[in-house]
$ cat data_19.txt   # compact mmCIF, C-alpha atoms and all ligand atoms
# COMPACT_ATOMS: atom_id res chain seq x y z
CA MET U 1 98.75 135.54 68.22
CA ALA U 2 99.38 131.99 67.10
CA THR U 3 101.66 131.60 64.10
CA ALA U 4 100.17 131.10 60.64
CA ASN U 5 101.43 127.52 60.59
CA GLN U 6 99.88 126.71 63.94
CA LEU U 7 96.50 128.03 62.82
CA LYS U 8 96.65 126.08 59.56
CA THR U 9 97.63 122.86 61.37
CA LEU U 10 94.87 123.41 63.93
CA ILE U 11 92.20 123.81 61.24
CA LYS U 12 93.55 120.86 59.27
CA SER U 13 93.55 118.60 62.31
CA HIS U 14 89.89 119.48 62.90
CA PHE U 15 88.92 118.32 59.42
CA GLU U 16 91.13 115.25 59.71
CA GLU U 17 89.29 114.55 62.99
CA ASN U 18 92.72 114.11 64.53
CA ASN U 19 92.11 114.96 68.19
CA GLU U 20 95.62 114.17 69.31
CA LYS U 21 97.17 116.56 66.78
CA PHE U 22 94.53 119.18 67.59
CA ASN U 23 95.41 119.03 71.30
CA THR U 24 99.16 119.18 70.63
CA VAL U 25 98.86 122.28 68.43
CA ALA U 26 96.41 123.94 70.84
CA LEU U 27 98.91 123.36 73.67
CA GLN U 28 101.70 124.75 71.48
CA ILE U 29 99.62 127.88 70.85
CA ALA U 30 99.05 128.22 74.60
CA ALA U 31 102.82 127.90 75.16
CA HIS U 32 103.47 130.50 72.46
CA GLU U 33 101.01 132.93 74.06
CA ALA U 34 102.52 132.34 77.48
CA LYS U 35 105.92 133.23 76.07
CA LEU U 36 104.52 136.51 74.79
CA GLY U 37 103.32 137.26 78.32
CA HIS U 38 99.65 136.54 77.57
CA SER U 39 99.31 134.22 80.51
CA ASN U 40 95.53 134.67 80.92
CA LEU U 41 94.92 133.62 77.35
CA ALA U 42 97.37 130.71 77.73
CA ASN U 43 95.58 129.47 80.84
CA ASP U 44 92.17 129.86 79.19
CA ILE U 45 93.27 127.74 76.22
CA LYS U 46 94.63 125.08 78.54
CA GLN U 47 91.38 125.08 80.54
CA ILE U 48 89.32 124.63 77.35
CA ILE U 49 91.46 121.65 76.31
CA ASP U 50 91.17 120.04 79.75
CA ASN U 51 87.39 120.54 79.84
CA GLY U 52 87.04 119.20 76.31
CA LYS U 53 88.88 116.03 77.26
CA LYS U 54 86.55 115.52 80.22
CA THR U 55 83.34 115.94 78.23
CA SER U 56 84.20 113.75 75.23
CA PRO U 57 83.54 110.17 76.32
CA LYS U 58 85.98 107.81 74.64
CA LEU U 59 84.14 104.58 75.23
CA LYS U 60 80.67 103.60 74.14
CA PRO U 61 79.18 100.52 75.80
CA LEU U 62 77.61 97.83 73.69
CA ASN U 63 73.90 97.06 74.03
CA SER U 64 73.75 93.33 74.61
CA GLU U 65 74.68 90.66 77.04
CA LEU U 66 78.24 91.43 76.04
CA GLN U 67 78.11 94.72 77.87
CA GLY U 68 81.18 95.02 80.04
CA LEU U 69 83.08 92.46 77.98
CA VAL U 70 83.31 94.31 74.69
CA LEU U 71 83.75 98.05 74.32
CA GLU U 72 83.41 100.18 71.25
CA VAL U 73 86.33 102.60 71.14
CA GLU U 74 86.55 105.75 69.10
CA SER U 75 89.44 105.95 66.75
CA ASP U 76 90.94 109.07 65.22
CA LYS U 77 94.44 107.89 64.35
CA LYS U 78 95.91 108.00 60.86
CA LEU U 79 98.56 105.78 59.30
CA SER U 80 100.74 108.89 58.88
CA ASP U 81 100.78 109.32 62.70
CA LEU U 82 102.44 105.93 63.16
CA ILE U 83 106.23 106.08 63.47
CA VAL U 84 107.57 102.61 62.66
CA PRO U 85 110.03 101.10 60.15
CA SER U 86 108.66 101.29 56.60
CA GLU U 87 108.43 97.50 56.49
CA ILE U 88 105.82 97.51 59.30
CA LYS U 89 103.95 100.40 57.75
CA ASP U 90 103.81 98.55 54.42
CA ARG U 91 102.41 95.48 56.11
CA ILE U 92 99.70 97.45 57.91
CA ASN U 93 98.92 99.14 54.63
CA ARG U 94 98.62 95.73 53.01
CA VAL U 95 95.96 94.68 55.55
CA ILE U 96 94.03 97.88 54.74
CA ARG U 97 94.45 97.44 51.00
CA GLU U 98 93.44 93.80 50.94
CA PHE U 99 90.31 94.60 52.98
CA THR U 100 89.39 97.46 50.65
CA HIS U 101 89.74 95.20 47.61
CA ARG U 102 88.46 91.99 49.23
CA ASN U 103 85.77 91.48 46.58
CA LYS U 104 88.31 91.66 43.81
CA LEU U 105 90.45 89.11 45.65
CA LEU U 106 87.41 86.92 46.21
CA SER U 107 86.60 86.92 42.52
CA HIS U 108 90.00 85.26 42.06
CA ASN U 109 89.31 82.83 44.89
CA LEU U 110 91.66 84.68 47.20
CA GLU U 111 90.99 85.95 50.73
CA ASN U 112 92.09 89.18 52.31
CA ARG U 113 94.29 88.98 55.40
CA ARG U 114 91.93 89.29 58.32
CA LYS U 115 93.44 87.49 61.31
CA ILE U 116 96.45 89.44 62.48
CA LEU U 117 98.82 89.11 65.43
CA PHE U 118 100.81 92.12 66.70
CA SER U 119 103.66 91.40 69.08
CA GLY U 120 106.29 93.56 70.74
CA PRO U 121 107.21 95.56 73.84
CA PRO U 122 104.62 97.84 75.47
CA GLY U 123 104.23 101.33 74.03
CA THR U 124 105.46 100.57 70.52
CA GLY U 125 102.15 101.19 68.71
CA LYS U 126 100.23 97.89 68.64
CA THR U 127 96.94 99.20 70.01
CA MET U 128 97.44 102.36 67.97
CA SER U 129 97.90 100.30 64.77
CA ALA U 130 94.62 98.44 65.34
CA SER U 131 92.91 101.75 65.84
CA ILE U 132 94.51 103.13 62.66
CA ILE U 133 93.32 100.16 60.59
CA ALA U 134 89.74 100.70 61.85
CA ASN U 135 89.86 104.42 61.21
CA GLU U 136 91.39 104.12 57.74
CA LEU U 137 88.69 101.55 56.81
CA HIS U 138 85.88 103.59 58.47
CA LEU U 139 85.02 100.55 60.56
CA PRO U 140 84.05 100.56 64.22
CA ILE U 141 86.61 99.07 66.56
CA TYR U 142 85.65 96.84 69.48
CA VAL U 143 88.08 95.97 72.23
CA ILE U 144 87.52 92.67 74.00
CA LEU U 145 88.28 92.82 77.72
CA MET U 146 89.79 89.37 78.06
CA ASP U 147 90.24 89.59 81.83
CA LYS U 148 86.44 89.99 82.12
CA VAL U 149 85.76 87.19 79.62
CA VAL U 150 87.76 84.71 81.65
CA THR U 151 85.88 83.12 84.51
CA LYS U 152 86.81 80.42 86.97
CA TYR U 153 84.91 77.89 84.92
CA MET U 154 86.28 77.06 81.53
CA GLY U 155 82.79 76.22 80.18
CA GLU U 156 81.62 79.76 80.90
CA THR U 157 84.69 81.31 79.34
CA SER U 158 84.07 79.32 76.17
CA ALA U 159 80.41 80.37 76.13
CA LYS U 160 81.43 84.01 76.38
CA LEU U 161 84.02 83.63 73.66
CA ARG U 162 81.35 82.02 71.49
CA GLN U 163 79.08 85.06 71.98
CA ILE U 164 81.93 87.33 70.99
CA PHE U 165 82.68 85.31 67.86
CA ASP U 166 78.93 85.45 67.02
CA LEU U 167 79.13 89.23 67.28
CA ILE U 168 82.18 89.18 65.00
CA VAL U 169 80.00 87.50 62.35
CA ASP U 170 76.97 89.76 62.93
CA ARG U 171 78.76 93.11 62.95
CA PRO U 172 81.62 93.56 60.51
CA ALA U 173 84.23 95.61 62.35
CA VAL U 174 87.75 95.49 63.75
CA TYR U 175 87.90 93.32 66.88
CA LEU U 176 90.94 93.84 69.07
CA PHE U 177 91.89 91.14 71.59
CA ASP U 178 94.35 93.46 73.31
CA GLU U 179 97.07 91.96 75.52
CA PHE U 180 95.15 88.74 75.15
CA ASP U 181 97.82 86.63 76.80
CA ALA U 182 97.75 88.71 79.99
CA ILE U 183 94.77 86.63 81.10
CA GLY U 184 95.13 85.16 84.52
CA SER U 185 98.21 87.17 85.44
CA GLN U 186 96.10 89.17 87.91
CA ARG U 187 95.09 86.02 89.70
CA GLY U 188 98.53 85.48 91.13
CA LYS U 189 98.18 81.73 91.39
CA ASP U 190 100.50 78.90 90.41
CA ASN U 191 98.17 77.65 87.71
CA ASP U 192 98.21 80.99 85.83
CA VAL U 193 100.13 79.59 82.91
CA GLY U 194 97.88 76.55 82.65
CA GLU U 195 94.77 78.66 82.73
CA MET U 196 96.16 81.07 80.16
CA ARG U 197 96.90 78.17 77.82
CA ARG U 198 93.38 76.79 78.17
CA VAL U 199 91.78 80.13 77.34
CA LEU U 200 94.28 80.68 74.56
CA ASN U 201 93.47 77.32 73.02
CA SER U 202 89.77 78.01 73.21
CA PHE U 203 90.35 81.40 71.57
CA LEU U 204 92.44 79.81 68.83
CA GLN U 205 89.75 77.25 68.05
CA PHE U 206 87.17 79.98 67.59
CA LEU U 207 89.66 81.99 65.55
CA GLU U 208 90.35 79.07 63.26
CA ARG U 209 86.65 78.48 62.61
CA ASP U 210 85.88 82.13 61.99
CA ASN U 211 84.83 82.91 58.47
CA SER U 212 83.37 86.39 58.99
CA GLU U 213 84.07 89.64 57.20
CA SER U 214 85.53 91.25 60.29
CA LEU U 215 89.18 91.92 60.98
CA ILE U 216 90.43 90.13 64.08
CA ILE U 217 93.55 91.53 65.69
CA ALA U 218 95.29 90.00 68.69
CA ALA U 219 98.03 91.98 70.41
CA THR U 220 100.61 90.67 72.85
CA ASN U 221 103.49 92.17 74.83
CA ASN U 222 104.76 88.75 75.70
CA LEU U 223 105.81 86.69 72.73
CA GLY U 224 107.66 84.23 74.98
CA MET U 225 104.35 82.84 76.23
CA LEU U 226 103.20 81.97 72.75
CA ASP U 227 103.84 78.83 70.81
CA GLN U 228 105.45 79.16 67.39
CA ALA U 229 102.72 76.88 66.02
CA LEU U 230 100.22 79.50 67.04
CA PHE U 231 101.55 81.90 64.44
CA ARG U 232 100.16 79.66 61.71
CA ARG U 233 96.61 80.40 62.86
CA PHE U 234 97.09 84.01 61.86
CA ASP U 235 97.21 85.37 58.31
CA ASP U 236 99.94 87.78 59.34
CA VAL U 237 102.23 88.28 62.34
CA ILE U 238 103.77 91.73 62.76
CA HIS U 239 106.61 92.28 65.25
CA TYR U 240 107.07 95.72 66.78
CA ASN U 241 110.32 96.97 68.30
CA LEU U 242 111.55 99.82 70.47
CA PRO U 243 112.22 102.89 68.30
CA SER U 244 115.39 103.22 66.21
CA ASP U 245 117.38 106.48 66.38
CA GLU U 246 115.62 107.65 63.27
CA GLU U 247 112.21 106.94 64.79
CA LYS U 248 113.19 108.69 68.03
CA ILE U 249 114.08 111.82 66.06
CA GLN U 250 110.79 111.61 64.16
CA LEU U 251 108.87 111.27 67.44
CA LEU U 252 110.58 114.34 68.97
CA LYS U 253 110.04 116.34 65.80
CA SER U 254 106.37 115.37 65.49
CA ARG U 255 105.67 116.67 68.99
CA LEU U 256 108.13 119.50 69.47
CA SER U 257 108.73 120.49 65.83
CA LYS U 258 110.51 123.82 65.97
CA ASN U 259 111.58 123.61 69.58
CA VAL U 260 114.37 121.10 68.98
CA THR U 261 117.37 121.77 66.75
CA SER U 262 119.63 119.13 65.23
CA LYS U 263 122.19 119.99 67.89
CA ASP U 264 119.59 119.33 70.61
CA MET U 265 118.78 115.99 68.99
CA LYS U 266 122.40 114.85 69.37
CA ILE U 267 122.21 115.63 73.09
CA LEU U 268 118.79 114.03 73.57
CA LEU U 269 119.30 110.80 71.59
CA PRO U 270 121.48 108.95 74.12
CA MET U 271 118.95 109.82 76.84
CA LEU U 272 116.20 108.00 74.97
CA GLU U 273 117.90 104.61 75.22
CA ASN U 274 115.37 101.84 75.97
CA LEU U 275 112.39 104.22 75.98
CA SER U 276 109.35 103.19 73.97
CA HIS U 277 107.51 105.32 71.43
CA ALA U 278 104.78 105.92 74.02
CA GLU U 279 107.26 107.05 76.68
CA ILE U 280 109.03 109.47 74.35
CA ASN U 281 105.67 110.80 73.26
CA GLN U 282 104.66 111.25 76.89
CA ALA U 283 107.93 113.03 77.80
CA CYS U 284 107.28 115.51 74.98
CA LEU U 285 103.69 116.11 76.17
CA ASP U 286 105.00 116.61 79.73
CA ALA U 287 107.41 119.26 78.45
CA ILE U 288 104.66 121.02 76.50
CA LYS U 289 102.36 121.00 79.54
CA GLU U 290 105.04 122.31 81.87
CA SER U 291 105.91 125.13 79.51
CA VAL U 292 102.23 126.11 79.46
CA LEU U 293 101.94 126.07 83.24
CA ASN U 294 105.23 127.93 83.74
CA ASN U 295 104.51 130.45 81.00
CA SER U 296 107.89 129.53 79.58
CA ASP U 297 109.44 128.34 76.37
CA ILE U 298 110.09 124.64 75.71
CA SER U 299 113.80 124.66 76.43
CA LEU U 300 116.34 121.87 75.95
CA SER U 301 116.74 121.59 79.73
CA LEU U 302 112.97 121.20 80.17
CA ILE U 303 112.86 118.33 77.65
CA GLU U 304 115.89 116.76 79.33
CA LYS U 305 114.06 116.94 82.65
CA THR U 306 110.85 115.32 81.43
CA ILE U 307 112.80 112.58 79.64
CA LYS U 308 114.78 111.87 82.81
CA GLU U 309 111.53 111.57 84.75
CA ARG U 310 110.21 109.00 82.27
CA THR U 311 113.46 107.04 82.44
CA MET U 312 113.40 107.04 86.25
CA ALA U 313 109.79 105.84 86.36
CA TYR U 314 110.86 102.57 84.78
CA LYS U 315 113.92 102.01 86.95
CA ILE U 316 111.96 101.46 90.16
N1 LIG U 401 105.01 103.71 66.75
C1 LIG U 401 104.40 104.80 67.28
N2 LIG U 401 104.32 105.96 66.56
C2 LIG U 401 103.74 107.04 67.07
N3 LIG U 401 103.19 107.10 68.31
C3 LIG U 401 103.23 105.99 69.07
C4 LIG U 401 103.83 104.78 68.59
N4 LIG U 401 103.72 103.84 69.54
C5 LIG U 401 103.08 104.41 70.58
N5 LIG U 401 102.78 105.70 70.32
C6 LIG U 401 102.06 106.62 71.22
O1 LIG U 401 101.88 105.99 72.48
C7 LIG U 401 100.50 105.70 72.73
C8 LIG U 401 100.36 104.30 73.34
O2 LIG U 401 100.82 103.32 72.41
P1 LIG U 401 100.09 101.90 72.19
O3 LIG U 401 99.69 101.77 70.77
O4 LIG U 401 98.98 101.78 73.19
O5 LIG U 401 101.24 100.88 72.52
P2 LIG U 401 101.16 99.30 72.70
O6 LIG U 401 99.77 98.87 72.37
O7 LIG U 401 102.19 98.75 71.76
O8 LIG U 401 101.50 99.04 74.13
C9 LIG U 401 99.82 105.83 71.38
O9 LIG U 401 98.46 106.20 71.51
C10 LIG U 401 100.64 106.92 70.71
O10 LIG U 401 100.26 108.20 71.14
MG MG U 402 98.43 98.08 73.76
$ encode --input "data_19.txt" --output "structure tokens"
Amino acid sequence: MATANQLKTLIKSHFEENNEKFNTVALQIAAHEAKLGHSNLANDIKQIIDNGKKTSPKLKPLNSELQGLVLEVESDKKLSDLIVPSEIKDRINRVIREFTHRNKLLSHNLENRRKILFSGPPGTGKTMSASIIANELHLPIYVILMDKVVTKYMGETSAKLRQIFDLIVDRPAVYLFDEFDAIGSQRGKDNDVGEMRRVLNSFLQFLERDNSESLIIAATNNLGMLDQALFRRFDDVIHYNLPSDEEKIQLLKSRLSKNVTSKDMKILLPMLENLSHAEINQACLDAIKESVLNNSDISLSLIEKTIKERTMAYKI
């Protein structure tokens, strides 16, 4: 049987509507059962999780002419799931707090922060943070597919952006312009940078004029492309970094809890050099999955193997 703690965490994660935690604990229970030799049960649990993932659609299309350009995404992440320096957490919390108390601020002629820029390397929690803000505020979150918004003709791109900014006024929500500076990079032409700047400028004009109640979040992996002057158009700019040693340990613990000792940590830490939060997270999930499939325990050597695989993937 699953341990008392596993059962409690499983039930809690259901009520917290935390799917990610639910899946992790369910996989841990499967691994535990496999270790006890109950391989049929372990496989059944794994099958249920896999089927569940298939049947729960993550994305809901929007009913309007914006279909295909804007997607409503379900969000189940909590601020406590985010592993970042406390300074970043405080600043995300401040966005949430100011939104919650926006009427109080308004009564003093003050506005809540609502135009936010997240920058930093891939896999450090930018998209996740936007999703957390929406979830904590019980707001829907819409992701704008900028590569679809951009057309060959600047006039059309502007018209589409205008429709999106109309929606931002009509439906208070969190709007995420994710990797918004990646526009044009798929086109592989010399004028990529020029085109990106044009779209960016158009976006910034709409952003500047926006006076809605929605939260507008832009995320970028590529700060180098952005002008310093651009930062002034946002109420807040939050920079993300690759995880510190402390964050790496927290990430391993949050996924593998009892399977890693402090001694293991010392061995694993140097192997995590240059890996992002997302990659470390993925290496842990790989180890959990493999232990389920092999009916084995999550050993140090298994974690070392999955981490090495992640590291190699980025060396090619
Ligand atoms: N700071 C973090 N703390 C905890 N988990 C993280 C963090 N950053 C990334 N992850 C994990 O990796 C996944 C992908 O991260 P994401 O937010 O999409 O990164 P980014 O948008 O910065 O490229 C997240 O859904 C989460 O599971
Ligand atoms: Mg992202």
$ closest_atom_pairs --input "data_19.txt" --of "chain U" --to "ligand LIG 401 (chain U)" --cutoff "6 Å" --atoms "only C-alpha atoms and all ligand atoms" --output "tab-separated table"
residue	atom	partner	partner_atom	distance
U:Asp81	CA	U:LIG401	C2	5.7
U:Leu82	CA	U:LIG401	N2	3.9
U:Ile83	CA	U:LIG401	N2	3.6
U:Val84	CA	U:LIG401	N1	4.9
U:Pro122	CA	U:LIG401	O8	3.6
U:Gly123	CA	U:LIG401	O5	3.4
U:Thr124	CA	U:LIG401	N4	3.8
U:Gly125	CA	U:LIG401	N4	3.2
U:Lys126	CA	U:LIG401	O7	3.8
U:Thr127	CA	U:LIG401	O6	3.7
U:Met128	CA	U:LIG401	O3	3.6
U:His277	CA	U:LIG401	N4	4.5
U:Ala278	CA	U:LIG401	O1	3.3
U:Asn281	CA	U:LIG401	C6	5.9
$ residues_near_ligand --input "data_19.txt" --ligand "ligand MG 402 (chain U)" --cutoff "12 Å" --atoms "all atoms listed in the file" --output "ChimeraX atom specification"
/U:118-131,143,176-182,217-222,240,277-278
$ write_last_selection --input "data_19.txt" --atoms "C-alpha atoms" --output "PDB file, in the frame of the given file"
ATOM      1  CA  PHE U 118     100.810  92.120  66.700  1.00  0.00           C
ATOM      2  CA  SER U 119     103.660  91.400  69.080  1.00  0.00           C
ATOM      3  CA  GLY U 120     106.290  93.560  70.740  1.00  0.00           C
ATOM      4  CA  PRO U 121     107.210  95.560  73.840  1.00  0.00           C
ATOM      5  CA  PRO U 122     104.620  97.840  75.470  1.00  0.00           C
ATOM      6  CA  GLY U 123     104.230 101.330  74.030  1.00  0.00           C
ATOM      7  CA  THR U 124     105.460 100.570  70.520  1.00  0.00           C
ATOM      8  CA  GLY U 125     102.150 101.190  68.710  1.00  0.00           C
ATOM      9  CA  LYS U 126     100.230  97.890  68.640  1.00  0.00           C
ATOM     10  CA  THR U 127      96.940  99.200  70.010  1.00  0.00           C
ATOM     11  CA  MET U 128      97.440 102.360  67.970  1.00  0.00           C
ATOM     12  CA  SER U 129      97.900 100.300  64.770  1.00  0.00           C
ATOM     13  CA  ALA U 130      94.620  98.440  65.340  1.00  0.00           C
ATOM     14  CA  SER U 131      92.910 101.750  65.840  1.00  0.00           C
ATOM     15  CA  VAL U 143      88.080  95.970  72.230  1.00  0.00           C
ATOM     16  CA  LEU U 176      90.940  93.840  69.070  1.00  0.00           C
ATOM     17  CA  PHE U 177      91.890  91.140  71.590  1.00  0.00           C
ATOM     18  CA  ASP U 178      94.350  93.460  73.310  1.00  0.00           C
ATOM     19  CA  GLU U 179      97.070  91.960  75.520  1.00  0.00           C
ATOM     20  CA  PHE U 180      95.150  88.740  75.150  1.00  0.00           C
ATOM     21  CA  ASP U 181      97.820  86.630  76.800  1.00  0.00           C
ATOM     22  CA  ALA U 182      97.750  88.710  79.990  1.00  0.00           C
ATOM     23  CA  ILE U 217      93.550  91.530  65.690  1.00  0.00           C
ATOM     24  CA  ALA U 218      95.290  90.000  68.690  1.00  0.00           C
ATOM     25  CA  ALA U 219      98.030  91.980  70.410  1.00  0.00           C
ATOM     26  CA  THR U 220     100.610  90.670  72.850  1.00  0.00           C
ATOM     27  CA  ASN U 221     103.490  92.170  74.830  1.00  0.00           C
ATOM     28  CA  ASN U 222     104.760  88.750  75.700  1.00  0.00           C
ATOM     29  CA  TYR U 240     107.070  95.720  66.780  1.00  0.00           C
ATOM     30  CA  HIS U 277     107.510 105.320  71.430  1.00  0.00           C
ATOM     31  CA  ALA U 278     104.780 105.920  74.020  1.00  0.00           C
TER      32      ALA U 278
END
$ closest_residue --input "data_19.txt" --among "U:Lys253, U:Arg197, U:Arg94, U:His138" --to "Ser75 in chain U" --atoms "only C-alpha atoms"
U:His138
$ residues_near_point --input "data_19.txt" --point "(100.4, 121.6, 69.8)" --cutoff "12 Å" --atoms "only C-alpha atoms" --output "number ranges by chain"
U: 2-3, 5-10, 13, 18-32, 45-46, 49, 253-259, 284-285, 287-289, 291-292, 298
$ atom_distance --input "data_19.txt" --atom1 "CA of Glu65 in chain U" --atom2 "CA of Tyr153 in chain U"
18.2 Å
$ closest_residue --input "data_19.txt" --among "U:Gln163, U:Leu106, U:His38, U:Leu139" --to "Leu69 in chain U" --atoms "all atoms listed in the file"
U:Gln163
$ atom_distance --input "data_19.txt" --atom1 "CA of Tyr175 in chain U" --atom2 "CA of Leu230 in chain U"
18.5 Å
$ closest_residue --input "data_19.txt" --among "U:Val95, U:Ala4, U:Ala42, U:Gly52" --to "Asp236 in chain U" --atoms "only C-alpha atoms"
U:Val95
$ closest_residue --input "data_19.txt" --among "U:Val149, U:Gly37, U:Arg113, U:Val70" --to "His101 in chain U" --atoms "all atoms listed in the file"
U:Arg113
$ closest_residue --input "data_19.txt" --among "U:Asp166, U:Glu246, U:Glu33, U:Glu74" --to "Arg209 in chain U" --atoms "all atoms listed in the file"
U:Asp166
$ closest_residue --input "data_19.txt" --among "U:Ala134, U:Lys263, U:Glu17, U:Lys115" --to "Leu207 in chain U" --atoms "all atoms listed in the file"
U:Lys115
$ atom_distance --input "data_19.txt" --atom1 "CA of Gly68 in chain U" --atom2 "CA of Phe231 in chain U"
28.8 Å
